[in-house]
Amino acid sequence: MKGYVFHGPGRSAWEDIPDPDLKEPTDAVVRVDAVTICGTDLHILKGDVPEVRPGTVLGHEAVGEIVEVGTDVRTVRPGDRVLVSCITACGRCRYCREGVYGQCLGGGGWILGHLIDGTQAEYVRVPYADLSVHPLPGAVTDQDAVLLADIFPTAYEVGVLNGSVRPGDTVVVVGAGPIGLAAVATARLFAPERIVAVDLAGARLEAARKLGADAVADARETPEQLVADLTGGLGADVVIEAVGIPETFEMCTRMVRPGGHVANVGVHGRPSTLHLEDLWIKNVTITTGLVDTRSTPTLLRMAASGRLPAAQLVTHTFSLERMEEAYEVFAGAADTGALKVVLGGPRREVVAPKTV
């Protein structure tokens, strides 16, 4: 088969690789029908995630069809259409028992496209399939569903829930890329008084308006003053950081009110300064986090009922073999206007299942 292989910082290729096999009785092999590219994949290509070894297939989000299952898999079988979660869960360790699947100690967590071969390929092996894939309702399209593998649960859990968004709040989302836009969409579920989106790109700010932002601000034009004006000088109740650079994190800490929340979602490759000389007295809560995907079943139900605007984030579609072109479009979002790109290959015959 073919897959998109990382060969070190700045080097990657869509190339021939071995087909995946079942390695454990809890594994499943999925034929990939739709996959997307994440901002984290770009961080890997820049060398910001040194744990990713050269030779690893990238990607941690997919929709596809079960081809093979191990003998211990109980919840899915060959022929089932499934969502492959970005997080793998053993279901047995302390963290999994607490629903904190992102910190799994049993060989799970974020491993696809990170510690093992990922989803940007024609087939993928998924460990602990019973808890790591989700059967899909027919009402949810591949294009919608693949956005529920990572960006929507990440924005919802690490941004909106960790930020404790409540009715009547002023919520500021710094960064109107895919994660930030998903945060805008899911923050609306809690009826805040207003949502403010901050970004450099006019097209992304316009997308934020369409998804429910009440106000937008160019990051170069003192958005802190806009937030102060909107809140009578108090500051935002919740500020969600969805970029991952020191400047935007520090901006978030300047915009939050005393007693408010800063929820960091962005992937940081460099240290940021925490100005405790200003913050120590302000009762500010700062949270970080890796998504657990415990909200995925809820989000899938919302998508099936038409209450989650996932499709609005997809700006470009490609066939799987155009993976390298898709990366160029996604990485050049400032020029291409890309939000989420979705790739899908032609459907083929499913091979006969095997067991281990």
# chains A, B, ... in the order shown; residues from 1 in each chain; ligands from 1
>>> residues_around(residues="segment 227-234 of chain A", least_positions_apart="3", cutoff="8 Å", atoms="only C-alpha atoms", output="PyMOL selection string")
chain A and resi 170+196+223-224+255+257-258
>>> select_by_dssp(residues="segment 182-234 of chain A", states="alpha helix (DSSP H)", output="VMD selection string")
chain A and resid 182 to 187 202 to 211 223 to 230
>>> write_last_selection(atoms="N, CA and C atoms", output="PDB file, in the first residue's frame")
ATOM      1  N   ALA A 182     -13.545  25.466  15.613  1.00  0.00           N
ATOM      2  CA  ALA A 182     -14.337  24.454  16.319  1.00  0.00           C
ATOM      3  C   ALA A 182     -14.635  24.902  17.745  1.00  0.00           C
ATOM      4  N   ALA A 183     -13.721  25.655  18.349  1.00  0.00           N
ATOM      5  CA  ALA A 183     -13.975  26.193  19.687  1.00  0.00           C
ATOM      6  C   ALA A 183     -15.092  27.231  19.644  1.00  0.00           C
ATOM      7  N   VAL A 184     -15.102  28.067  18.614  1.00  0.00           N
ATOM      8  CA  VAL A 184     -16.196  29.026  18.457  1.00  0.00           C
ATOM      9  C   VAL A 184     -17.532  28.289  18.357  1.00  0.00           C
ATOM     10  N   ALA A 185     -17.568  27.263  17.513  1.00  0.00           N
ATOM     11  CA  ALA A 185     -18.818  26.531  17.282  1.00  0.00           C
ATOM     12  C   ALA A 185     -19.308  25.833  18.540  1.00  0.00           C
ATOM     13  N   THR A 186     -18.404  25.224  19.308  1.00  0.00           N
ATOM     14  CA  THR A 186     -18.838  24.461  20.487  1.00  0.00           C
ATOM     15  C   THR A 186     -19.032  25.353  21.706  1.00  0.00           C
ATOM     16  N   ALA A 187     -18.357  26.505  21.765  1.00  0.00           N
ATOM     17  CA  ALA A 187     -18.629  27.443  22.856  1.00  0.00           C
ATOM     18  C   ALA A 187     -20.066  27.948  22.786  1.00  0.00           C
ATOM     19  N   GLY A 202      -7.893  37.681   7.439  1.00  0.00           N
ATOM     20  CA  GLY A 202      -9.267  38.143   7.280  1.00  0.00           C
ATOM     21  C   GLY A 202     -10.221  37.039   6.901  1.00  0.00           C
ATOM     22  N   ALA A 203      -9.773  36.081   6.077  1.00  0.00           N
ATOM     23  CA  ALA A 203     -10.652  34.982   5.667  1.00  0.00           C
ATOM     24  C   ALA A 203     -11.034  34.111   6.856  1.00  0.00           C
ATOM     25  N   ARG A 204     -10.102  33.902   7.761  1.00  0.00           N
ATOM     26  CA  ARG A 204     -10.416  33.087   8.939  1.00  0.00           C
ATOM     27  C   ARG A 204     -11.340  33.827   9.897  1.00  0.00           C
ATOM     28  N   LEU A 205     -11.166  35.123  10.009  1.00  0.00           N
ATOM     29  CA  LEU A 205     -12.080  35.894  10.846  1.00  0.00           C
ATOM     30  C   LEU A 205     -13.494  35.886  10.273  1.00  0.00           C
ATOM     31  N   GLU A 206     -13.593  35.914   8.949  1.00  0.00           N
ATOM     32  CA  GLU A 206     -14.910  35.823   8.325  1.00  0.00           C
ATOM     33  C   GLU A 206     -15.532  34.450   8.582  1.00  0.00           C
ATOM     34  N   ALA A 207     -14.711  33.404   8.516  1.00  0.00           N
ATOM     35  CA  ALA A 207     -15.212  32.059   8.831  1.00  0.00           C
ATOM     36  C   ALA A 207     -15.690  31.991  10.276  1.00  0.00           C
ATOM     37  N   ALA A 208     -14.973  32.665  11.175  1.00  0.00           N
ATOM     38  CA  ALA A 208     -15.393  32.684  12.574  1.00  0.00           C
ATOM     39  C   ALA A 208     -16.749  33.357  12.732  1.00  0.00           C
ATOM     40  N   ARG A 209     -16.974  34.431  12.004  1.00  0.00           N
ATOM     41  CA  ARG A 209     -18.290  35.083  12.055  1.00  0.00           C
ATOM     42  C   ARG A 209     -19.389  34.123  11.613  1.00  0.00           C
ATOM     43  N   LYS A 210     -19.136  33.389  10.525  1.00  0.00           N
ATOM     44  CA  LYS A 210     -20.144  32.468  10.005  1.00  0.00           C
ATOM     45  C   LYS A 210     -20.446  31.349  10.999  1.00  0.00           C
ATOM     46  N   LEU A 211     -19.461  30.994  11.818  1.00  0.00           N
ATOM     47  CA  LEU A 211     -19.651  29.920  12.791  1.00  0.00           C
ATOM     48  C   LEU A 211     -20.192  30.426  14.127  1.00  0.00           C
ATOM     49  N   PRO A 223      -6.135  43.680  20.131  1.00  0.00           N
ATOM     50  CA  PRO A 223      -7.414  43.061  20.507  1.00  0.00           C
ATOM     51  C   PRO A 223      -7.702  43.163  21.999  1.00  0.00           C
ATOM     52  N   GLU A 224      -6.648  43.342  22.808  1.00  0.00           N
ATOM     53  CA  GLU A 224      -6.875  43.506  24.249  1.00  0.00           C
ATOM     54  C   GLU A 224      -7.770  44.713  24.525  1.00  0.00           C
ATOM     55  N   GLN A 225      -7.599  45.774  23.737  1.00  0.00           N
ATOM     56  CA  GLN A 225      -8.416  46.971  23.939  1.00  0.00           C
ATOM     57  C   GLN A 225      -9.865  46.719  23.556  1.00  0.00           C
ATOM     58  N   LEU A 226     -10.080  45.962  22.474  1.00  0.00           N
ATOM     59  CA  LEU A 226     -11.447  45.618  22.081  1.00  0.00           C
ATOM     60  C   LEU A 226     -12.143  44.830  23.184  1.00  0.00           C
ATOM     61  N   VAL A 227     -11.443  43.855  23.746  1.00  0.00           N
ATOM     62  CA  VAL A 227     -12.033  43.038  24.814  1.00  0.00           C
ATOM     63  C   VAL A 227     -12.332  43.900  26.031  1.00  0.00           C
ATOM     64  N   ALA A 228     -11.422  44.805  26.363  1.00  0.00           N
ATOM     65  CA  ALA A 228     -11.665  45.704  27.489  1.00  0.00           C
ATOM     66  C   ALA A 228     -12.882  46.583  27.234  1.00  0.00           C
ATOM     67  N   ASP A 229     -13.006  47.109  26.022  1.00  0.00           N
ATOM     68  CA  ASP A 229     -14.150  47.960  25.688  1.00  0.00           C
ATOM     69  C   ASP A 229     -15.464  47.195  25.778  1.00  0.00           C
ATOM     70  N   LEU A 230     -15.469  45.939  25.319  1.00  0.00           N
ATOM     71  CA  LEU A 230     -16.687  45.137  25.326  1.00  0.00           C
ATOM     72  C   LEU A 230     -17.114  44.724  26.730  1.00  0.00           C
TER      73      LEU A 230
END
>>> closest_atom_pairs(of="segment 149-205 of chain A", to="segment 79-97 of chain A", cutoff="10 Å", atoms="only C-alpha atoms", output="JSON lines")
{"residue": "A:Ala149", "atom": "CA", "partner": "A:Ser85", "partner_atom": "CA", "distance": 4.7}
{"residue": "A:Asp150", "atom": "CA", "partner": "A:Cys86", "partner_atom": "CA", "distance": 5.6}
{"residue": "A:Ile151", "atom": "CA", "partner": "A:Cys86", "partner_atom": "CA", "distance": 9.3}
{"residue": "A:Pro153", "atom": "CA", "partner": "A:Cys86", "partner_atom": "CA", "distance": 9.7}
{"residue": "A:Thr154", "atom": "CA", "partner": "A:Cys86", "partner_atom": "CA", "distance": 9.7}
>>> residues_around(residues="Val133 of chain A", least_positions_apart="5", cutoff="12 Å", atoms="only C-alpha atoms", output="ChimeraX atom specification")
/A:26-30,60-66,69,73-77,80-89,124-128,145-146,148-149,293-294,296-297
>>> closest_residue(among="A:Val238, A:Leu200, A:Leu299, A:Val174", to="Arg220 of chain A", atoms="only C-alpha atoms")
A:Leu200
>>> residues_around(residues="Val158 of chain A", least_positions_apart="5", cutoff="12 Å", atoms="only C-alpha atoms", output="PyMOL selection string")
chain A and resi 100+102+150-153+163-165+179-180+182-183+186-187+239-242+261-267+286-295
>>> write_last_selection(atoms="C-alpha atoms", output="PDB file, in the first residue's frame")
ATOM      1  CA  VAL A 100      -8.549  10.492  30.823  1.00  0.00           C
ATOM      2  CA  GLY A 102      -5.088  10.908  26.458  1.00  0.00           C
ATOM      3  CA  ASP A 150      -9.599  15.287  16.656  1.00  0.00           C
ATOM      4  CA  ILE A 151     -10.432  18.959  16.113  1.00  0.00           C
ATOM      5  CA  PHE A 152     -13.965  19.023  17.494  1.00  0.00           C
ATOM      6  CA  PRO A 153     -13.285  16.948  20.639  1.00  0.00           C
ATOM      7  CA  GLY A 163     -12.177  26.832  30.157  1.00  0.00           C
ATOM      8  CA  SER A 164     -15.473  26.348  32.034  1.00  0.00           C
ATOM      9  CA  VAL A 165     -17.532  28.358  29.556  1.00  0.00           C
ATOM     10  CA  ILE A 179      -9.258  24.226  16.235  1.00  0.00           C
ATOM     11  CA  GLY A 180     -10.177  27.817  17.023  1.00  0.00           C
ATOM     12  CA  ALA A 182     -14.337  24.454  16.319  1.00  0.00           C
ATOM     13  CA  ALA A 183     -13.975  26.193  19.687  1.00  0.00           C
ATOM     14  CA  THR A 186     -18.838  24.461  20.487  1.00  0.00           C
ATOM     15  CA  ALA A 187     -18.629  27.443  22.856  1.00  0.00           C
ATOM     16  CA  VAL A 239      -9.745  33.000  26.769  1.00  0.00           C
ATOM     17  CA  ILE A 240      -8.906  30.007  24.572  1.00  0.00           C
ATOM     18  CA  GLU A 241      -5.393  29.888  23.093  1.00  0.00           C
ATOM     19  CA  ALA A 242      -5.501  28.020  19.777  1.00  0.00           C
ATOM     20  CA  HIS A 261      -9.866  31.039  32.792  1.00  0.00           C
ATOM     21  CA  VAL A 262      -7.157  30.696  30.152  1.00  0.00           C
ATOM     22  CA  ALA A 263      -7.492  27.364  28.325  1.00  0.00           C
ATOM     23  CA  ASN A 264      -4.409  26.550  26.281  1.00  0.00           C
ATOM     24  CA  VAL A 265      -5.101  24.299  23.290  1.00  0.00           C
ATOM     25  CA  GLY A 266      -2.230  25.286  20.976  1.00  0.00           C
ATOM     26  CA  VAL A 267       0.790  23.011  20.489  1.00  0.00           C
ATOM     27  CA  ILE A 286      -4.656  28.350  33.418  1.00  0.00           C
ATOM     28  CA  THR A 287      -5.288  24.899  31.980  1.00  0.00           C
ATOM     29  CA  THR A 288      -3.427  22.802  29.451  1.00  0.00           C
ATOM     30  CA  GLY A 289      -4.338  19.447  28.030  1.00  0.00           C
ATOM     31  CA  LEU A 290      -4.239  16.698  25.471  1.00  0.00           C
ATOM     32  CA  VAL A 291      -7.672  15.685  24.251  1.00  0.00           C
ATOM     33  CA  ASP A 292      -9.181  12.538  25.798  1.00  0.00           C
ATOM     34  CA  THR A 293     -11.965  12.100  23.181  1.00  0.00           C
ATOM     35  CA  ARG A 294     -14.426  11.109  25.888  1.00  0.00           C
ATOM     36  CA  SER A 295     -16.866  13.535  24.234  1.00  0.00           C
TER      37      SER A 295
END
>>> closest_residue(among="A:Lys23, A:His275, A:His134, A:Arg31", to="Asp72 of chain A", atoms="only C-alpha atoms")
A:Lys23
>>> closest_residue(among="A:Ser305, A:Gly235, A:Asp130, A:Gly107", to="Thr71 of chain A", atoms="only C-alpha atoms")
A:Asp130
>>> atom_distance(atom1="atom CA of Tyr123 of chain A", atom2="atom CA of Met1 of chain A")
7.5 Å
>>> decode(residues="segment 281-326 of chain A", atoms="N, CA and C atoms", output="mmCIF file, in the first residue's frame")
data_model
loop_
_atom_site.group_PDB
_atom_site.id
_atom_site.type_symbol
_atom_site.label_atom_id
_atom_site.label_comp_id
_atom_site.auth_asym_id
_atom_site.auth_seq_id
_atom_site.Cartn_x
_atom_site.Cartn_y
_atom_site.Cartn_z
ATOM 1 N N ILE A 281 -1.945 37.595 41.746
ATOM 2 C CA ILE A 281 -2.973 38.220 42.579
ATOM 3 C C ILE A 281 -4.361 38.155 41.943
ATOM 4 N N LYS A 282 -4.470 37.631 40.733
ATOM 5 C CA LYS A 282 -5.707 37.762 39.960
ATOM 6 C C LYS A 282 -6.601 36.520 39.959
ATOM 7 N N ASN A 283 -6.247 35.507 40.698
ATOM 8 C CA ASN A 283 -7.102 34.300 40.777
ATOM 9 C C ASN A 283 -7.383 33.687 39.406
ATOM 10 N N VAL A 284 -6.434 33.772 38.500
ATOM 11 C CA VAL A 284 -6.615 33.252 37.142
ATOM 12 C C VAL A 284 -6.303 31.757 37.116
ATOM 13 N N THR A 285 -7.144 31.001 36.440
ATOM 14 C CA THR A 285 -6.910 29.578 36.242
ATOM 15 C C THR A 285 -6.382 29.356 34.833
ATOM 16 N N ILE A 286 -5.236 28.680 34.716
ATOM 17 C CA ILE A 286 -4.656 28.350 33.418
ATOM 18 C C ILE A 286 -4.652 26.831 33.280
ATOM 19 N N THR A 287 -5.247 26.338 32.202
ATOM 20 C CA THR A 287 -5.288 24.899 31.980
ATOM 21 C C THR A 287 -4.576 24.552 30.679
ATOM 22 N N THR A 288 -3.997 23.370 30.662
ATOM 23 C CA THR A 288 -3.427 22.802 29.451
ATOM 24 C C THR A 288 -4.051 21.435 29.271
ATOM 25 N N GLY A 289 -3.787 20.785 28.149
ATOM 26 C CA GLY A 289 -4.338 19.447 28.030
ATOM 27 C C GLY A 289 -4.174 18.829 26.668
ATOM 28 N N LEU A 290 -4.110 17.515 26.671
ATOM 29 C CA LEU A 290 -4.239 16.698 25.471
ATOM 30 C C LEU A 290 -5.657 16.157 25.469
ATOM 31 N N VAL A 291 -6.291 16.155 24.334
ATOM 32 C CA VAL A 291 -7.672 15.685 24.251
ATOM 33 C C VAL A 291 -7.776 14.234 24.731
ATOM 34 N N ASP A 292 -8.905 13.912 25.373
ATOM 35 C CA ASP A 292 -9.181 12.538 25.798
ATOM 36 C C ASP A 292 -10.169 11.832 24.872
ATOM 37 N N THR A 293 -10.917 12.587 24.096
ATOM 38 C CA THR A 293 -11.965 12.100 23.181
ATOM 39 C C THR A 293 -13.115 11.409 23.910
ATOM 40 N N ARG A 294 -13.276 11.685 25.185
ATOM 41 C CA ARG A 294 -14.426 11.109 25.888
ATOM 42 C C ARG A 294 -15.743 11.712 25.392
ATOM 43 N N SER A 295 -15.663 12.873 24.733
ATOM 44 C CA SER A 295 -16.866 13.535 24.234
ATOM 45 C C SER A 295 -17.266 13.071 22.844
ATOM 46 N N THR A 296 -16.469 12.215 22.213
ATOM 47 C CA THR A 296 -16.736 11.834 20.822
ATOM 48 C C THR A 296 -18.135 11.257 20.610
ATOM 49 N N PRO A 297 -18.626 10.336 21.449
ATOM 50 C CA PRO A 297 -19.983 9.834 21.224
ATOM 51 C C PRO A 297 -21.043 10.935 21.250
ATOM 52 N N THR A 298 -20.905 11.893 22.165
ATOM 53 C CA THR A 298 -21.847 13.010 22.223
ATOM 54 C C THR A 298 -21.777 13.850 20.952
ATOM 55 N N LEU A 299 -20.564 14.153 20.505
ATOM 56 C CA LEU A 299 -20.400 14.964 19.306
ATOM 57 C C LEU A 299 -20.935 14.241 18.071
ATOM 58 N N LEU A 300 -20.764 12.934 18.028
ATOM 59 C CA LEU A 300 -21.314 12.164 16.902
ATOM 60 C C LEU A 300 -22.832 12.246 16.874
ATOM 61 N N ARG A 301 -23.467 12.177 18.028
ATOM 62 C CA ARG A 301 -24.931 12.298 18.071
ATOM 63 C C ARG A 301 -25.361 13.686 17.606
ATOM 64 N N MET A 302 -24.607 14.689 18.000
ATOM 65 C CA MET A 302 -24.942 16.051 17.571
ATOM 66 C C MET A 302 -24.759 16.218 16.069
ATOM 67 N N ALA A 303 -23.698 15.614 15.534
ATOM 68 C CA ALA A 303 -23.479 15.687 14.087
ATOM 69 C C ALA A 303 -24.604 14.988 13.339
ATOM 70 N N ALA A 304 -25.042 13.842 13.853
ATOM 71 C CA ALA A 304 -26.112 13.092 13.196
ATOM 72 C C ALA A 304 -27.425 13.860 13.192
ATOM 73 N N SER A 305 -27.624 14.711 14.196
ATOM 74 C CA SER A 305 -28.865 15.492 14.278
ATOM 75 C C SER A 305 -28.735 16.857 13.612
ATOM 76 N N GLY A 306 -27.577 17.120 12.986
ATOM 77 C CA GLY A 306 -27.389 18.375 12.277
ATOM 78 C C GLY A 306 -27.067 19.560 13.152
ATOM 79 N N ARG A 307 -26.622 19.322 14.379
ATOM 80 C CA ARG A 307 -26.369 20.412 15.316
ATOM 81 C C ARG A 307 -24.894 20.779 15.442
ATOM 82 N N LEU A 308 -24.049 20.206 14.602
ATOM 83 C CA LEU A 308 -22.616 20.501 14.646
ATOM 84 C C LEU A 308 -22.169 20.883 13.236
ATOM 85 N N PRO A 309 -21.681 22.104 13.035
ATOM 86 C CA PRO A 309 -21.383 22.574 11.673
ATOM 87 C C PRO A 309 -20.021 22.116 11.169
ATOM 88 N N ALA A 310 -19.770 20.827 11.188
ATOM 89 C CA ALA A 310 -18.445 20.330 10.810
ATOM 90 C C ALA A 310 -18.102 20.640 9.363
ATOM 91 N N ALA A 311 -19.045 20.441 8.461
ATOM 92 C CA ALA A 311 -18.762 20.593 7.032
ATOM 93 C C ALA A 311 -18.312 21.999 6.672
ATOM 94 N N GLN A 312 -18.697 23.002 7.461
ATOM 95 C CA GLN A 312 -18.328 24.377 7.149
ATOM 96 C C GLN A 312 -16.828 24.624 7.254
ATOM 97 N N LEU A 313 -16.096 23.740 7.919
ATOM 98 C CA LEU A 313 -14.662 23.925 8.074
ATOM 99 C C LEU A 313 -13.858 23.331 6.924
ATOM 100 N N VAL A 314 -14.480 22.529 6.068
ATOM 101 C CA VAL A 314 -13.752 21.872 4.983
ATOM 102 C C VAL A 314 -13.715 22.810 3.777
ATOM 103 N N THR A 315 -12.503 23.182 3.373
ATOM 104 C CA THR A 315 -12.340 24.099 2.242
ATOM 105 C C THR A 315 -11.747 23.420 1.013
ATOM 106 N N HIS A 316 -11.048 22.288 1.175
ATOM 107 C CA HIS A 316 -10.393 21.625 0.053
ATOM 108 C C HIS A 316 -10.539 20.115 0.208
ATOM 109 N N THR A 317 -10.754 19.434 -0.916
ATOM 110 C CA THR A 317 -10.801 17.970 -0.912
ATOM 111 C C THR A 317 -9.834 17.437 -1.973
ATOM 112 N N PHE A 318 -9.255 16.286 -1.686
ATOM 113 C CA PHE A 318 -8.268 15.659 -2.571
ATOM 114 C C PHE A 318 -8.466 14.151 -2.539
ATOM 115 N N SER A 319 -7.961 13.473 -3.540
ATOM 116 C CA SER A 319 -7.835 12.023 -3.468
ATOM 117 C C SER A 319 -6.585 11.697 -2.645
ATOM 118 N N LEU A 320 -6.516 10.468 -2.125
ATOM 119 C CA LEU A 320 -5.412 10.107 -1.238
ATOM 120 C C LEU A 320 -4.051 10.277 -1.905
ATOM 121 N N GLU A 321 -3.955 9.932 -3.177
ATOM 122 C CA GLU A 321 -2.651 9.994 -3.834
ATOM 123 C C GLU A 321 -2.150 11.429 -4.024
ATOM 124 N N ARG A 322 -2.993 12.412 -3.737
ATOM 125 C CA ARG A 322 -2.563 13.818 -3.823
ATOM 126 C C ARG A 322 -2.168 14.358 -2.441
ATOM 127 N N MET A 323 -1.689 13.458 -1.590
ATOM 128 C CA MET A 323 -1.343 13.825 -0.212
ATOM 129 C C MET A 323 -0.310 14.949 -0.169
ATOM 130 N N GLU A 324 0.727 14.867 -0.987
ATOM 131 C CA GLU A 324 1.768 15.883 -0.937
ATOM 132 C C GLU A 324 1.218 17.254 -1.337
ATOM 133 N N GLU A 325 0.357 17.275 -2.336
ATOM 134 C CA GLU A 325 -0.275 18.534 -2.742
ATOM 135 C C GLU A 325 -1.162 19.069 -1.631
ATOM 136 N N ALA A 326 -1.900 18.172 -0.961
ATOM 137 C CA ALA A 326 -2.776 18.583 0.134
ATOM 138 C C ALA A 326 -1.974 19.215 1.264
#
